[in-house]
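Here is the structure we will look at.
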Amino acid sequence: MEEIEFTKEEKDAIVAKIKGYFESELDQEIGQFDAEFLLGFFSQEIGPYFYNKGLFDARVVLQTYLDNIDEGLYGLEKPTEK
């Protein structure tokens, strides 16, 4: 799987959230480098689980739409027996 790449703005926002979490929940201050390191770890090691869950959820939504389309097409069929 390719490494997840974030825009600078996305990366800055995520790093700020990591730093904020450490400060508010763990009462610990971490620097920019450490927060970026954690982001890299989460992206590589944990990110695929979230990615796969997103794909699974998307498949469920798509399958629901396909089932509805299929039902609609069956509803359009004309009787062939008399």
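By convention in this document, the chains of the structure tokens carry letters A, B, ... by their order, each chain's residues are numbered from 1, and ligands are numbered from 1 in the order they are shown.
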Residues at most 9 Å from region 35-41 of chain A, counting only C-alpha atoms, excluding those fewer than 4 positions away in the same chain, as a ChimeraX atom specification? /A:4,11-12,14-16,18-19,30-31,45-47
Write out as a ChimeraX atom specification the set of residues from chain A that DSSP, computed on the backbone, places in alpha helix (DSSP H). /A:8-25,32-41,47-76
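For the pair CA of Tyr49 (chain A) and CA of Glu3 (chain A), the separation is 13.4 Å.
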When you count only C-alpha atoms, which of these residues is closest to Glu5 (chain A): A:Gln28, A:Thr64, A:Gln44, A:Lys17? A:Gln44
Quick one: residues within 9 Å of Glu29 (chain A), only C-alpha atoms counted, chain neighbours fewer than 4 positions away excluded, as a ChimeraX atom specification? /A:19-20,22-23
Residue selection dump (C-alpha atoms) as a JSON list (two decimals), in the first residue's frame:
[["chain", "number", "residue", "atom", "x", "y", "z"],
["A", 19, "LYS", "CA", -0.11, 18.10, 20.29],
["A", 20, "GLY", "CA", -3.42, 19.32, 21.71],
["A", 22, "PHE", "CA", -1.17, 15.24, 24.57],
["A", 23, "GLU", "CA", -1.54, 18.55, 26.37]]
